[in-house]
Amino acid sequence: MYLNKKLKAVYFFLLKMGAIKEDAEDIVQETAFQFVQYLDTLQEEYVDAWL
């Protein structure tokens, strides 16, 4: 799934930047929630930038 792949990339990016596992998981979960909330207002070409 596209969203799962992108969120996994965000998760690993956070880990590389020094976030602890639990914080990275929380951030990805919050990002996914907000993404679903704003999905109707996002233009398709800006989805990657938003994530």
# chains A, B, ... in the order shown; residues from 1 in each chain; ligands from 1
>>> residues_around(residues="region 23-39 of chain A", least_positions_apart="2", cutoff="9 Å", atoms="only C-alpha atoms", output="list in words")
Leu3, Leu7, Lys8, Val10, Tyr11, Phe12, Phe13, Leu14, Leu15, Ala19, Ile20, Lys21, Thr41, Leu42, Gln43, Val47, Trp50 and Leu51 of chain A
>>> write_last_selection(atoms="N, CA and C atoms", output="tab-separated table (two decimals), in the first residue's frame")
chain	number	residue	atom	x	y	z
A	3	LEU	N	0.43	4.42	1.14
A	3	LEU	CA	0.54	5.17	2.39
A	3	LEU	C	1.42	4.43	3.38
A	7	LEU	N	4.73	6.03	5.08
A	7	LEU	CA	4.82	6.18	6.53
A	7	LEU	C	6.00	5.41	7.10
A	8	LYS	N	6.32	4.28	6.50
A	8	LYS	CA	7.49	3.52	6.92
A	8	LYS	C	8.76	4.32	6.66
A	10	VAL	N	8.94	7.60	6.64
A	10	VAL	CA	8.96	8.65	7.65
A	10	VAL	C	9.48	8.09	8.97
A	11	TYR	N	9.03	6.89	9.33
A	11	TYR	CA	9.46	6.24	10.57
A	11	TYR	C	10.98	6.04	10.58
A	12	PHE	N	11.53	5.49	9.51
A	12	PHE	CA	12.97	5.26	9.47
A	12	PHE	C	13.75	6.58	9.42
A	13	PHE	N	13.19	7.58	8.79
A	13	PHE	CA	13.83	8.90	8.79
A	13	PHE	C	13.92	9.45	10.22
A	14	LEU	N	12.84	9.32	10.96
A	14	LEU	CA	12.84	9.79	12.35
A	14	LEU	C	13.88	9.05	13.18
A	15	LEU	N	13.99	7.74	12.97
A	15	LEU	CA	14.99	6.97	13.71
A	15	LEU	C	16.40	7.43	13.35
A	19	ALA	N	15.35	9.98	16.89
A	19	ALA	CA	14.15	9.76	17.69
A	19	ALA	C	14.17	8.34	18.26
A	20	ILE	N	13.65	8.18	19.47
A	20	ILE	CA	13.53	6.83	20.01
A	20	ILE	C	12.34	6.15	19.35
A	21	LYS	N	12.37	4.82	19.39
A	21	LYS	CA	11.38	4.02	18.67
A	21	LYS	C	9.94	4.43	19.02
A	41	THR	N	-8.80	17.37	1.16
A	41	THR	CA	-8.35	18.71	0.79
A	41	THR	C	-6.98	18.71	0.12
A	42	LEU	N	-6.28	17.58	0.12
A	42	LEU	CA	-4.94	17.52	-0.46
A	42	LEU	C	-5.00	17.27	-1.96
A	43	GLN	N	-4.15	17.97	-2.68
A	43	GLN	CA	-4.01	17.70	-4.10
A	43	GLN	C	-3.03	16.54	-4.26
A	47	VAL	N	0.96	15.15	-2.05
A	47	VAL	CA	0.87	14.15	-0.98
A	47	VAL	C	2.25	13.80	-0.42
A	50	TRP	N	3.55	16.60	1.73
A	50	TRP	CA	2.81	16.71	2.98
A	50	TRP	C	3.29	15.67	3.99
A	51	LEU	N	3.50	14.46	3.52
A	51	LEU	CA	3.96	13.40	4.43
A	51	LEU	C	5.39	13.67	4.85
>>> select_by_dssp(residues="chain A", states="helix (DSSP H, G or I)", output="PyMOL selection string")
chain A and resi 2-16+21-41+44-50
